[in-house]
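So this block is target25.tsv, TSV, C-alpha atoms:
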```
chain	number	residue	atom	x	y	z
U	1342	ASP	CA	91.65	77.00	101.10
U	1343	VAL	CA	93.02	80.54	101.32
U	1344	SER	CA	91.88	82.90	98.57
U	1345	PRO	CA	93.99	85.96	97.75
U	1346	ARG	CA	92.95	89.11	99.58
U	1347	SER	CA	92.85	90.91	96.24
U	1348	GLY	CA	93.80	90.04	92.69
U	1349	GLN	CA	94.47	86.48	91.59
U	1350	TRP	CA	97.60	85.52	93.53
U	1351	ALA	CA	99.03	85.54	97.06
U	1352	ALA	CA	102.40	84.27	98.28
U	1353	TRP	CA	102.33	80.98	100.22
U	1354	LEU	CA	105.31	80.52	102.56
U	1355	GLY	CA	105.96	77.50	104.77
U	1356	GLY	CA	103.58	74.56	104.67
U	1357	ARG	CA	106.26	71.88	105.08
U	1358	ASP	CA	108.47	70.56	107.85
U	1359	ASP	CA	112.03	71.96	107.97
U	1360	ASP	CA	111.11	74.65	105.46
U	1361	VAL	CA	112.77	77.95	104.69
U	1362	SER	CA	110.82	79.99	102.16
U	1363	TYR	CA	110.75	83.66	101.33
U	1364	ILE	CA	109.85	86.36	98.88
U	1365	GLN	CA	112.27	89.21	98.30
U	1366	GLN	CA	112.68	92.29	96.17
U	1367	TRP	CA	114.89	95.35	95.94
U	1368	VAL	CA	112.84	98.40	96.98
U	1369	THR	CA	113.44	102.03	97.80
U	1370	VAL	CA	111.85	102.81	101.16
U	1371	PRO	CA	109.90	106.03	100.63
U	1372	THR	CA	110.90	108.95	102.84
U	1373	ALA	CA	107.29	110.05	103.27
U	1374	ASN	CA	105.89	106.50	103.66
U	1375	PRO	CA	108.44	104.37	105.55
U	1376	HIS	CA	106.00	101.89	107.10
U	1377	LEU	CA	105.86	98.51	105.37
U	1378	LEU	CA	102.31	97.19	105.34
U	1379	TYR	CA	101.24	93.77	104.18
U	1380	TRP	CA	98.29	91.51	104.78
U	1381	HIS	CA	98.94	88.03	106.11
U	1382	TRP	CA	97.02	84.90	106.99
U	1383	ILE	CA	98.64	82.57	109.53
U	1384	SER	CA	97.70	78.89	109.72
U	1385	SER	CA	99.57	76.79	112.28
U	1386	ARG	CA	99.35	73.84	114.65
U	1387	GLU	CA	102.70	74.67	116.27
U	1388	LEU	CA	103.14	75.36	120.00
U	1389	CYS	CA	103.52	79.00	120.98
U	1390	GLY	CA	106.34	80.68	122.87
U	1391	HIS	CA	109.23	78.61	121.54
U	1392	GLU	CA	109.82	80.16	118.09
U	1393	TYR	CA	109.79	76.70	116.53
U	1394	ASP	CA	108.16	78.24	113.46
U	1395	PHE	CA	108.42	81.93	112.74
U	1396	GLY	CA	107.84	84.67	110.22
U	1397	ALA	CA	110.26	87.53	109.75
U	1398	VAL	CA	110.96	90.65	107.75
U	1399	LEU	CA	114.59	91.16	106.79
U	1400	ILE	CA	116.33	94.19	105.36
U	1401	ASN	CA	119.64	93.45	103.62
U	1402	GLY	CA	119.73	90.06	105.38
U	1403	ARG	CA	119.16	91.52	108.87
U	1404	ILE	CA	115.97	90.65	110.81
U	1405	VAL	CA	113.99	93.80	111.62
U	1406	ASP	CA	110.74	92.06	112.62
U	1407	LYS	CA	110.13	88.51	113.86
U	1408	TYR	CA	107.00	86.76	115.11
U	1409	ASP	CA	105.82	83.30	116.13
U	1410	LEU	CA	103.81	81.20	113.74
U	1411	CYS	CA	101.84	79.10	116.19
U	1412	TRP	CA	98.29	77.95	116.84
U	1413	LEU	CA	97.38	80.90	119.10
U	1414	GLU	CA	98.53	83.33	116.39
U	1415	SER	CA	96.50	81.65	113.63
U	1416	THR	CA	94.28	84.28	112.06
U	1417	ALA	CA	91.59	82.40	110.08
U	1418	SER	CA	91.40	85.49	107.83
U	1419	TRP	CA	93.54	88.25	106.33
U	1420	LYS	CA	95.07	90.59	108.94
U	1421	PRO	CA	97.31	93.64	108.41
U	1422	HIS	CA	100.93	93.53	109.56
U	1423	GLU	CA	103.05	96.68	109.82
U	1424	VAL	CA	106.80	97.17	110.19
U	1425	ASP	CA	108.42	100.57	110.81
U	1426	LEU	CA	111.25	100.98	108.30
U	1427	ALA	CA	111.91	104.68	109.02
U	1428	ALA	CA	115.58	103.81	109.72
U	1429	TYR	CA	115.87	102.88	106.01
U	1430	ALA	CA	113.88	105.80	104.55
U	1431	GLY	CA	115.31	106.95	101.24
U	1432	GLN	CA	117.54	103.87	100.89
U	1433	THR	CA	117.33	101.09	98.33
U	1434	VAL	CA	117.32	97.82	100.27
U	1435	LEU	CA	116.70	94.12	99.78
U	1436	LEU	CA	113.34	93.47	101.45
U	1437	GLU	CA	112.56	89.88	102.39
U	1438	ILE	CA	109.50	88.31	104.01
U	1439	ARG	CA	110.58	84.90	105.32
U	1440	VAL	CA	109.22	81.79	107.05
U	1441	GLU	CA	111.18	79.07	108.82
U	1442	THR	CA	109.59	75.89	110.19
U	1443	ASP	CA	110.99	73.08	112.31
U	1444	ASP	CA	110.61	69.31	111.84
U	1445	SER	CA	107.02	68.97	113.12
U	1446	LEU	CA	103.64	70.71	113.21
U	1447	PHE	CA	104.30	72.91	110.21
U	1448	SER	CA	102.95	76.43	109.78
U	1449	GLU	CA	101.87	78.46	106.78
U	1450	LEU	CA	102.04	82.19	106.13
U	1451	PHE	CA	100.13	83.68	103.23
U	1452	VAL	CA	101.12	87.20	102.14
U	1453	ASP	CA	99.26	89.66	99.92
U	1454	ASP	CA	99.03	93.39	99.14
U	1455	VAL	CA	102.52	94.53	100.16
U	1456	SER	CA	102.87	98.33	100.19
U	1457	PHE	CA	104.29	101.33	102.03
U	1458	ALA	CA	102.20	103.69	104.18
U	1459	ASN	CA	102.97	106.96	105.95
U	1460	THR	CA	101.61	105.84	109.34
U	1461	PRO	CA	101.10	102.49	111.02
```

If you convert what's in this file into structure tokens, what do you get?
Amino acid sequence: DVSPRSGQWAAWLGGRDDDVSYIQQWVTVPTANPHLLYWHWISSRELCGHEYDFGAVLINGRIVDKYDLCWLESTASWKPHEVDLAAYAGQTVLLEIRVETDDSLFSELFVDDVSFANTP
């Protein structure tokens, strides 16, 4: 039972075995605010250190940030996650937040309040 951090909706990624799920949108990375900031909630029973299940941020199909979704990384609440996109400042790019799970012990990643900030 994960409630949105704000508003009425949050994105729910993962939650099944052998899952690939994502949200994506074309965005212009602001020159003055090139740090992607979003809030996430990780729920997982997966083992850590093997990248069986993972979350990632992709720009134009290229992974720029990747992290384990595993039981030690489970948050039990909303936590901020920041990615430095200064290399893409001023560019219009395809931004994707993605989850991939393997065939057992699935993980979930909830995402809310995606924005850009000027500092981490």

Which residue gives the smallest distance to U:Ala1352 among U:Asp1454, U:Ser1385, U:Asn1459, U:Tyr1429, with all atoms listed in the file counted? U:Asp1454

When distances are computed from only C-alpha atoms, which of U:Cys1389, U:Ala1417, U:Leu1450, U:Ala1397 shows the smallest separation from U:Trp1353? U:Leu1450

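With distances taken over all atoms listed in the file, U:Trp1367 is the one residue among U:Trp1350, U:Trp1419, U:Trp1367, U:Trp1380 lying closest to U:Leu1399.
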
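Shell of U:His1391 at 12 Å, with all atoms listed in the file counted and residues fewer than 6 places along the chain excluded, is Tyr1408, Asp1409, Leu1410, Cys1411, Trp1412, Thr1442 and Asp1443 of chain U.
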
Which is closest to U:Pro1371 among U:Val1452, U:Ala1427, U:Ile1404, U:Ala1351, if we use all atoms listed in the file? U:Ala1427

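The list of residues within 12 Å of (113.8, 88.4, 106.0), counted using all atoms listed in the file, is Val1361, Ser1362, Tyr1363, Ile1364, Gln1365, Gln1366, Phe1395, Gly1396, Ala1397, Val1398, Leu1399, Ile1400, Asn1401, Gly1402, Arg1403, Ile1404, Val1405, Asp1406, Lys1407, Tyr1408, Val1424, Val1434, Leu1435, Leu1436, Glu1437, Ile1438, Arg1439, Val1440 and Glu1441 of chain U.
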
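Proximity to U:Pro1421 at 9 Å, evaluated using all atoms listed in the file and with sequence-adjacent residues fewer than 6 positions away removed, yields Leu1378, Tyr1379, Trp1380, His1381 and Trp1382 of chain U.
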
I need the residues from that last selection saved to file as a PDB file, in the frame of the given file (with C-alpha atoms), if you can.
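Done, and the output landed in result.pdb:
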```pdb
ATOM      1  CA  LEU U1378     102.310  97.190 105.340  1.00  0.00           C
ATOM      2  CA  TYR U1379     101.240  93.770 104.180  1.00  0.00           C
ATOM      3  CA  TRP U1380      98.290  91.510 104.780  1.00  0.00           C
ATOM      4  CA  HIS U1381      98.940  88.030 106.110  1.00  0.00           C
ATOM      5  CA  TRP U1382      97.020  84.900 106.990  1.00  0.00           C
TER       6      TRP U1382
END
```

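Minimum atom-to-atom distance to U:Ile1383, evaluated using only C-alpha atoms, belongs to U:Ser1415 out of U:Ser1445, U:Thr1369, U:Ser1415, U:Asp1358.
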
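Shortest atom-to-atom contact with U:Ser1448 among U:His1422, U:Arg1386, U:Arg1346, U:His1376: U:Arg1386, counting all atoms listed in the file.
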
Please report the interatomic distance between atom CA of U:Ala1458 and atom CA of U:Asn1374 in Å with one decimal. 4.7 Å

Expected axis-aligned box over every listed atom of stretch 1389-1400 of chain U, 6 Å added per side, centre plus edges in Å to one decimal, as AutoDock Vina command-line options:
```
--center_x 109.9 --center_y 85.4 --center_z 114.1 --size_x 24.8 --size_y 29.5 --size_z 29.5
```

Quote the spacing between atom CA of U:Arg1357 and atom CA of U:Pro1345 in Å to one decimal place. 20.1 Å

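Selection around (105.3, 73.0, 116.4) with radius 6 Å, counting only C-alpha atoms, yields the residues U:Glu1387, U:Leu1388, U:Tyr1393, U:Ser1445, U:Leu1446.
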
Saved stretch 1387-1402 of chain U from the preceding structure, N, CA and C atoms, as a PDB file, in the first residue's frame:
```pdb
ATOM      1  N   GLU U1387      14.600  -9.176  -3.296  1.00  0.00           N
ATOM      2  CA  GLU U1387      15.723  -9.690  -4.077  1.00  0.00           C
ATOM      3  C   GLU U1387      17.036  -9.608  -3.290  1.00  0.00           C
ATOM      4  N   LEU U1388      17.976 -10.488  -3.632  1.00  0.00           N
ATOM      5  CA  LEU U1388      19.316 -10.468  -3.055  1.00  0.00           C
ATOM      6  C   LEU U1388      20.080  -9.263  -3.586  1.00  0.00           C
ATOM      7  N   CYS U1389      20.977  -8.734  -2.780  1.00  0.00           N
ATOM      8  CA  CYS U1389      21.747  -7.559  -3.183  1.00  0.00           C
ATOM      9  C   CYS U1389      23.099  -7.962  -3.773  1.00  0.00           C
ATOM     10  N   GLY U1390      23.657  -7.076  -4.584  1.00  0.00           N
ATOM     11  CA  GLY U1390      24.997  -7.248  -5.115  1.00  0.00           C
ATOM     12  C   GLY U1390      25.100  -8.026  -6.407  1.00  0.00           C
ATOM     13  N   HIS U1391      23.978  -8.434  -6.970  1.00  0.00           N
ATOM     14  CA  HIS U1391      24.018  -9.243  -8.188  1.00  0.00           C
ATOM     15  C   HIS U1391      23.329  -8.573  -9.370  1.00  0.00           C
ATOM     16  N   GLU U1392      22.683  -7.426  -9.132  1.00  0.00           N
ATOM     17  CA  GLU U1392      21.918  -6.731 -10.165  1.00  0.00           C
ATOM     18  C   GLU U1392      20.889  -7.631 -10.843  1.00  0.00           C
ATOM     19  N   TYR U1393      20.275  -8.511 -10.040  1.00  0.00           N
ATOM     20  CA  TYR U1393      19.191  -9.326 -10.583  1.00  0.00           C
ATOM     21  C   TYR U1393      18.017  -8.438 -10.985  1.00  0.00           C
ATOM     22  N   ASP U1394      17.677  -7.501 -10.104  1.00  0.00           N
ATOM     23  CA  ASP U1394      16.643  -6.511 -10.366  1.00  0.00           C
ATOM     24  C   ASP U1394      17.305  -5.144 -10.250  1.00  0.00           C
ATOM     25  N   PHE U1395      16.980  -4.246 -11.148  1.00  0.00           N
ATOM     26  CA  PHE U1395      17.608  -2.933 -11.063  1.00  0.00           C
ATOM     27  C   PHE U1395      16.702  -1.833 -11.598  1.00  0.00           C
ATOM     28  N   GLY U1396      16.988  -0.634 -11.134  1.00  0.00           N
ATOM     29  CA  GLY U1396      16.372   0.573 -11.648  1.00  0.00           C
ATOM     30  C   GLY U1396      17.423   1.337 -12.419  1.00  0.00           C
ATOM     31  N   ALA U1397      16.999   2.121 -13.382  1.00  0.00           N
ATOM     32  CA  ALA U1397      17.960   2.877 -14.189  1.00  0.00           C
ATOM     33  C   ALA U1397      17.304   4.132 -14.746  1.00  0.00           C
ATOM     34  N   VAL U1398      18.152   5.108 -15.030  1.00  0.00           N
ATOM     35  CA  VAL U1398      17.753   6.294 -15.769  1.00  0.00           C
ATOM     36  C   VAL U1398      18.513   6.247 -17.086  1.00  0.00           C
ATOM     37  N   LEU U1399      17.783   6.394 -18.182  1.00  0.00           N
ATOM     38  CA  LEU U1399      18.390   6.379 -19.503  1.00  0.00           C
ATOM     39  C   LEU U1399      18.147   7.711 -20.192  1.00  0.00           C
ATOM     40  N   ILE U1400      19.119   8.146 -20.947  1.00  0.00           N
ATOM     41  CA  ILE U1400      18.987   9.312 -21.809  1.00  0.00           C
ATOM     42  C   ILE U1400      19.246   8.839 -23.236  1.00  0.00           C
ATOM     43  N   ASN U1401      18.251   9.036 -24.088  1.00  0.00           N
ATOM     44  CA  ASN U1401      18.342   8.598 -25.492  1.00  0.00           C
ATOM     45  C   ASN U1401      18.758   7.129 -25.592  1.00  0.00           C
ATOM     46  N   GLY U1402      18.233   6.289 -24.703  1.00  0.00           N
ATOM     47  CA  GLY U1402      18.504   4.856 -24.729  1.00  0.00           C
ATOM     48  C   GLY U1402      19.800   4.426 -24.060  1.00  0.00           C
TER      49      GLY U1402
END
```
